[in-house]
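Written below as structure tokens is the structure these notes are about.
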Amino acid sequence: MAGKDIGQRGSATGRKGFDYLIVGAGFAGSVLAERLANELDKRVLIVDKRPHIGGNAYDRYDDHGVLIHPYGPHIFHTNAADIRDYLSRFTEWRPYEHHVLASVDGQLVPLPINLDTVNRLYGMTLTSFEMTSWLDSVAEKKTEINNSEDVIVNKVGRELYNKFFRGYTRKQWGLDPSELDASVTARVPTRTNRDARYFNDSFQAMPLHGYTRMFEKMLAHPNIKVMLNTDYREIAGLLPWDHMVYTGPIDAFFDFEFGRLPYRSLRFEHRNLPTAQFQSVGTVNYPNDCAYTRISEFKHITGQQHPTTSVVYEYPTADGDPYYPVPRPENAALYKRYEEAAERCTDVTFVGRLATYKYYNMDQVVGQALTAFKRLRARHGAVEAGSGATDG
């Protein structure tokens, strides 16, 4: 089992080596590396199998000079002032509120569903008050919410569910909404006013110079060394380190001992177009008509001025890099077995979406990493206190 014999633990103290080996240079790994180096003066080696830092939030300029997100659009939003303030140490911000349209019945209408969505689709002129009554009249009220289908039909009824959610969810997850946990669609609000913003959060903004620049500043500490294009297993037994932070898939860490955890993946098709603008908003969803789920145009998101534009088409797949844990009861039960195994690994901390098998927004991953750091800081305090008692 990978969790039993993966490196030279306990050998870094008092000699050349690293206090921490961090697997993964995305948000979880980078936040912990920065905190451990800056606040505790620990020596950190951060390893990533990809050729870049930043994980899925990595951005770069394409061959045409347009700033793109190779792994699909990453929109930052949060209600947590402490997370905003922490990241603000490494970036300035450009205010940005994401807008999404959905291609339904030959029209592009706002998503989440709001007053304009319903009025345009049905040729009505409802007020907000009338919209509330109308939704009540079409909703299929459920005494129990057991799955993602129940969440939506309980709010907006069967017809809007079929138009906006069923086809999109089946493409995205390879499963019918009735087979998925309620949390999948519960994230999407329904509004009775004309608010067309995709997110409700109090802080919505993009890193002014991009995510990669933010990560570079986060990792710019002399105690932090970065090794890319490297599987951690190739070096874990060659370099001395005391504690590992693991942010990859938890089932892979344990060599799939209990079976593989299901994930959904994505295939991205990037295109540059010889026009200043391709669509009117950052993202257009295609719930029913196409093999792809959405098209995103990066210049809306980044605010960049450029004579051409770059877009990305997203195609969900069953194979490829793991992106989304699949929220179903049987998968949660399987993860529980890995979680119990992880708790027995006292010299490994598991952090992030893949390592804890939960769908987190970026700010939630940052929050989880900051919480994990507090636990590690307390652990160091206990170790130092214990060492002092022994010496005395």
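Labels for the structure tokens follow display order: chains A, B, ..., residues from 1 in each chain, ligands from 1.
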Within 9 Å of Arg166 in chain A, counting only C-alpha atoms, which residues qualify if same-chain residues fewer than 5 places away don't, as a PyMOL selection string? chain A and resi 149+161+171+176-177+287-288
Which neighbours of range 223-230 of chain A fall inside 12 Å, counting only C-alpha atoms, when residues of the same chain fewer than 3 positions from it are skipped, and could you give them as a ChimeraX atom specification? /A:17-26,29-55,215-220,233-236
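Minimum atom-to-atom distance to Asn331 in chain A, evaluated using only C-alpha atoms, belongs to A:Arg260 out of A:Arg260, A:Arg170, A:Lys374, A:His98.
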Closest to Asp363 in chain A among A:Leu126, A:Ala205, A:Ala102, A:Ile295, using only C-alpha atoms?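 Of the candidates, the smallest distance to Asp363 in chain A is held by A:Ala205.
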For Met362 in chain A, work out the shell of residues within 12 Å, counting only C-alpha atoms and skipping chain neighbours fewer than 2 positions away, then give it as a short mmCIF file (atom, residue, chain, number, x, y, z; two decimals) with C-alpha atoms, in the first residue's frame.
data_model
loop_
_atom_site.label_atom_id
_atom_site.label_comp_id
_atom_site.auth_asym_id
_atom_site.auth_seq_id
_atom_site.Cartn_x
_atom_site.Cartn_y
_atom_site.Cartn_z
CA GLY A 26 -2.57 23.84 -7.38
CA PHE A 27 -4.43 25.96 -4.85
CA ALA A 28 -4.26 23.48 -1.96
CA VAL A 31 -1.34 27.80 -0.19
CA GLY A 54 -1.38 26.45 -10.64
CA GLY A 55 -3.18 23.15 -11.19
CA ASN A 56 -6.40 23.54 -13.18
CA ALA A 57 -6.39 27.29 -12.48
CA PRO A 73 -12.83 29.01 -17.25
CA HIS A 74 -12.00 29.59 -13.60
CA ILE A 75 -14.06 32.41 -12.10
CA PHE A 76 -13.13 33.54 -8.61
CA HIS A 77 -15.93 34.37 -6.19
CA THR A 78 -16.25 34.18 -2.42
CA ASN A 79 -18.18 35.42 0.60
CA ALA A 80 -15.17 34.86 2.89
CA ILE A 83 -9.84 34.17 1.95
CA ARG A 84 -10.11 37.31 -0.20
CA LEU A 87 -5.09 35.95 -1.79
CA MET A 206 -10.34 37.96 -11.36
CA TYR A 211 -3.77 33.14 -11.92
CA GLY A 352 -8.08 19.43 -1.88
CA ARG A 353 -10.87 18.31 -4.15
CA TYR A 359 -16.50 19.22 -5.24
CA TYR A 360 -15.03 22.50 -3.98
CA GLN A 364 -13.31 26.59 -0.59
CA VAL A 365 -10.04 24.83 -1.46
CA VAL A 366 -8.11 27.85 -0.19
CA GLY A 367 -10.17 27.78 3.01
CA GLN A 368 -9.57 24.06 3.47
CA ALA A 369 -5.82 24.54 2.96
#
Spatial neighbours of range 269-271 of chain A, max dist 6 Å, only C-alpha atoms, sep filter under 6 positions, as a short mmCIF file (atom, residue, chain, number, x, y, z; two decimals) with N, CA and C atoms, in the first residue's frame:
data_model
loop_
_atom_site.label_atom_id
_atom_site.label_comp_id
_atom_site.auth_asym_id
_atom_site.auth_seq_id
_atom_site.Cartn_x
_atom_site.Cartn_y
_atom_site.Cartn_z
N SER A 310 -10.34 34.15 -28.29
CA SER A 310 -10.13 32.71 -28.08
C SER A 310 -11.26 32.17 -27.22
N VAL A 311 -11.77 31.01 -27.65
CA VAL A 311 -12.89 30.37 -26.96
C VAL A 311 -12.52 28.93 -26.68
N VAL A 312 -13.27 28.30 -25.78
CA VAL A 312 -13.06 26.89 -25.49
C VAL A 312 -14.41 26.18 -25.45
N TYR A 313 -14.46 25.03 -26.13
CA TYR A 313 -15.62 24.14 -26.10
C TYR A 313 -15.31 23.02 -25.10
#
Neighbours of Val138 in chain A within 8 Å (only C-alpha atoms; same-chain residues fewer than 3 positions away dropped), as an MDAnalysis selection string? chainID A and resid 134:135 156:158
Can you spit out the residues from that selection as a CSV table (one decimal), in the first residue's frame, using N, CA and C atoms?
chain,number,residue,atom,x,y,z
A,134,TRP,N,-46.2,32.1,-10.3
A,134,TRP,CA,-46.1,31.3,-11.5
A,134,TRP,C,-45.2,30.0,-11.2
A,135,LEU,N,-44.1,30.2,-10.5
A,135,LEU,CA,-43.2,29.1,-10.2
A,135,LEU,C,-44.0,28.2,-9.3
A,156,VAL,N,-38.9,24.5,-10.0
A,156,VAL,CA,-39.3,25.2,-11.2
A,156,VAL,C,-40.2,24.2,-12.1
A,157,GLY,N,-40.5,23.0,-11.6
A,157,GLY,CA,-41.3,22.2,-12.4
A,157,GLY,C,-40.6,21.3,-13.5
A,158,ARG,N,-41.4,20.5,-14.1
A,158,ARG,CA,-40.8,19.5,-15.0
A,158,ARG,C,-40.4,20.1,-16.3
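Here CA of Leu266 in chain A is placed at a distance of 5.4 Å from CA of Thr317 in chain A.
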Taking into account only C-alpha atoms, which residue in the set A:Leu67, A:Val351, A:Leu261, A:Ala372 is nearest to Ala333 in chain A?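 Answer, going by the shortest atom-to-atom distance: A:Leu261.
Using only C-alpha atoms, the contacts of Phe278 in chain A at a cut-off of 9 Å, with sequence neighbours closer than 3 positions omitted, comprise Leu273, Thr275, Val281, Glu297, Thr309, Ser310 and Val311 of chain A.
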With distances taken over only C-alpha atoms, which of A:Tyr263, A:Tyr61, A:Phe373, A:Tyr168 is nearest to Ala291 in chain A?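 Looking at the shortest contact to Ala291 in chain A, the residue is A:Tyr168.
Interatomic distance, CA of Arg197 in chain A to CA of Leu111 in chain A: 8.1 Å.
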Just the residues within 9 Å of Pro307 in chain A, please, counting only C-alpha atoms, with nothing from its chain fewer than 4 positions along; format it as a ChimeraX atom specification. /A:274-277
Step one, run DSSP on the backbone; step two, keep only residues of range 197-346 of chain A assigned to strand (DSSP E or B); then write them as number ranges by chain. A: 197, 203-207, 224-227, 240-246, 263-273, 283-285, 294-297, 309-317, 324-325
Please produce a file of the residues just selected, as a PDB file, in the first residue's frame, where the atoms kept are C-alpha atoms.
ATOM      1  CA  ARG A 197     -25.250  37.220 -12.454  1.00  0.00           C
ATOM      2  CA  PHE A 203     -16.698  39.361  -3.803  1.00  0.00           C
ATOM      3  CA  GLN A 204     -16.437  38.517  -7.489  1.00  0.00           C
ATOM      4  CA  ALA A 205     -13.186  39.349  -9.279  1.00  0.00           C
ATOM      5  CA  MET A 206     -10.336  37.963 -11.361  1.00  0.00           C
ATOM      6  CA  PRO A 207      -6.604  38.180 -10.593  1.00  0.00           C
ATOM      7  CA  ILE A 224      10.156  26.693  -1.434  1.00  0.00           C
ATOM      8  CA  LYS A 225      11.563  24.536  -4.210  1.00  0.00           C
ATOM      9  CA  VAL A 226       9.380  23.512  -7.148  1.00  0.00           C
ATOM     10  CA  MET A 227       9.842  20.359  -9.216  1.00  0.00           C
ATOM     11  CA  PRO A 240      14.659  13.279   2.956  1.00  0.00           C
ATOM     12  CA  TRP A 241      11.392  14.817   4.174  1.00  0.00           C
ATOM     13  CA  ASP A 242       9.378  14.779   7.370  1.00  0.00           C
ATOM     14  CA  HIS A 243       5.735  15.200   6.367  1.00  0.00           C
ATOM     15  CA  MET A 244       3.789  14.916   3.130  1.00  0.00           C
ATOM     16  CA  VAL A 245       0.874  17.049   1.952  1.00  0.00           C
ATOM     17  CA  TYR A 246      -0.995  15.110  -0.728  1.00  0.00           C
ATOM     18  CA  TYR A 263     -14.550  10.853 -11.581  1.00  0.00           C
ATOM     19  CA  ARG A 264     -15.759  12.799 -14.588  1.00  0.00           C
ATOM     20  CA  SER A 265     -13.223  14.328 -16.922  1.00  0.00           C
ATOM     21  CA  LEU A 266     -13.313  17.009 -19.611  1.00  0.00           C
ATOM     22  CA  ARG A 267     -11.895  17.390 -23.090  1.00  0.00           C
ATOM     23  CA  PHE A 268     -11.193  20.979 -24.114  1.00  0.00           C
ATOM     24  CA  GLU A 269     -11.263  22.209 -27.693  1.00  0.00           C
ATOM     25  CA  HIS A 270      -9.605  25.632 -27.924  1.00  0.00           C
ATOM     26  CA  ARG A 271     -10.178  27.885 -30.914  1.00  0.00           C
ATOM     27  CA  ASN A 272      -8.945  31.342 -31.877  1.00  0.00           C
ATOM     28  CA  LEU A 273     -11.272  33.345 -34.087  1.00  0.00           C
ATOM     29  CA  THR A 283     -20.180  31.464 -21.117  1.00  0.00           C
ATOM     30  CA  VAL A 284     -23.053  30.016 -23.144  1.00  0.00           C
ATOM     31  CA  ASN A 285     -24.494  26.675 -22.007  1.00  0.00           C
ATOM     32  CA  ARG A 294     -20.687  25.051 -22.974  1.00  0.00           C
ATOM     33  CA  ILE A 295     -18.558  27.569 -24.854  1.00  0.00           C
ATOM     34  CA  SER A 296     -16.564  30.145 -22.911  1.00  0.00           C
ATOM     35  CA  GLU A 297     -14.879  33.256 -24.302  1.00  0.00           C
ATOM     36  CA  THR A 309     -10.668  36.182 -29.550  1.00  0.00           C
ATOM     37  CA  SER A 310     -10.134  32.713 -28.084  1.00  0.00           C
ATOM     38  CA  VAL A 311     -12.885  30.373 -26.960  1.00  0.00           C
ATOM     39  CA  VAL A 312     -13.064  26.887 -25.493  1.00  0.00           C
ATOM     40  CA  TYR A 313     -15.615  24.138 -26.097  1.00  0.00           C
ATOM     41  CA  GLU A 314     -16.043  21.657 -23.224  1.00  0.00           C
ATOM     42  CA  TYR A 315     -16.813  17.991 -23.831  1.00  0.00           C
ATOM     43  CA  PRO A 316     -17.393  15.850 -20.708  1.00  0.00           C
ATOM     44  CA  THR A 317     -15.832  12.395 -20.842  1.00  0.00           C
ATOM     45  CA  TYR A 324     -15.184  16.102 -10.725  1.00  0.00           C
ATOM     46  CA  PRO A 325     -15.884  13.554  -7.982  1.00  0.00           C
TER      47      PRO A 325
END
Among range 206-272 of chain A, which ones does DSSP place in helix (DSSP H, G or I), written as a PDB file with C-alpha atoms, in the first residue's frame?
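What landed in states_35.pdb:
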ATOM      1  CA  TYR A 211      -3.766  33.137 -11.917  1.00  0.00           C
ATOM      2  CA  THR A 212      -0.276  31.986 -12.896  1.00  0.00           C
ATOM      3  CA  ARG A 213       1.260  35.306 -11.830  1.00  0.00           C
ATOM      4  CA  MET A 214      -0.575  34.981  -8.510  1.00  0.00           C
ATOM      5  CA  PHE A 215       0.802  31.465  -7.974  1.00  0.00           C
ATOM      6  CA  GLU A 216       4.316  32.619  -8.881  1.00  0.00           C
ATOM      7  CA  LYS A 217       4.185  35.257  -6.144  1.00  0.00           C
ATOM      8  CA  MET A 218       2.722  32.749  -3.705  1.00  0.00           C
ATOM      9  CA  TYR A 232       6.156  12.268  -6.575  1.00  0.00           C
ATOM     10  CA  ARG A 233       6.750   8.518  -6.380  1.00  0.00           C
ATOM     11  CA  GLU A 234       9.887   8.957  -8.469  1.00  0.00           C
ATOM     12  CA  ILE A 235      11.546  11.133  -5.824  1.00  0.00           C
ATOM     13  CA  ILE A 250      -6.863   9.645  -2.786  1.00  0.00           C
ATOM     14  CA  ASP A 251      -7.567   6.271  -4.416  1.00  0.00           C
ATOM     15  CA  ALA A 252      -4.349   6.552  -6.466  1.00  0.00           C
ATOM     16  CA  PHE A 253      -2.348   7.262  -3.295  1.00  0.00           C
TER      17      PHE A 253
END
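We find CA of Asp116 in chain A and CA of Lys163 in chain A to be spaced 15.4 Å apart.
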Among listed residues A:Val109, A:Cys345, A:Ala318, A:Leu354, nearest Gln172 in chain A (using only C-alpha atoms): A:Ala318
A:Val151, A:Arg94, A:Asn200, A:Tyr86 ranked by distance to Thr302 in chain A, top pick (using only C-alpha atoms):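 Checking each candidate against Thr302 in chain A, we get A:Arg94 as the closest.
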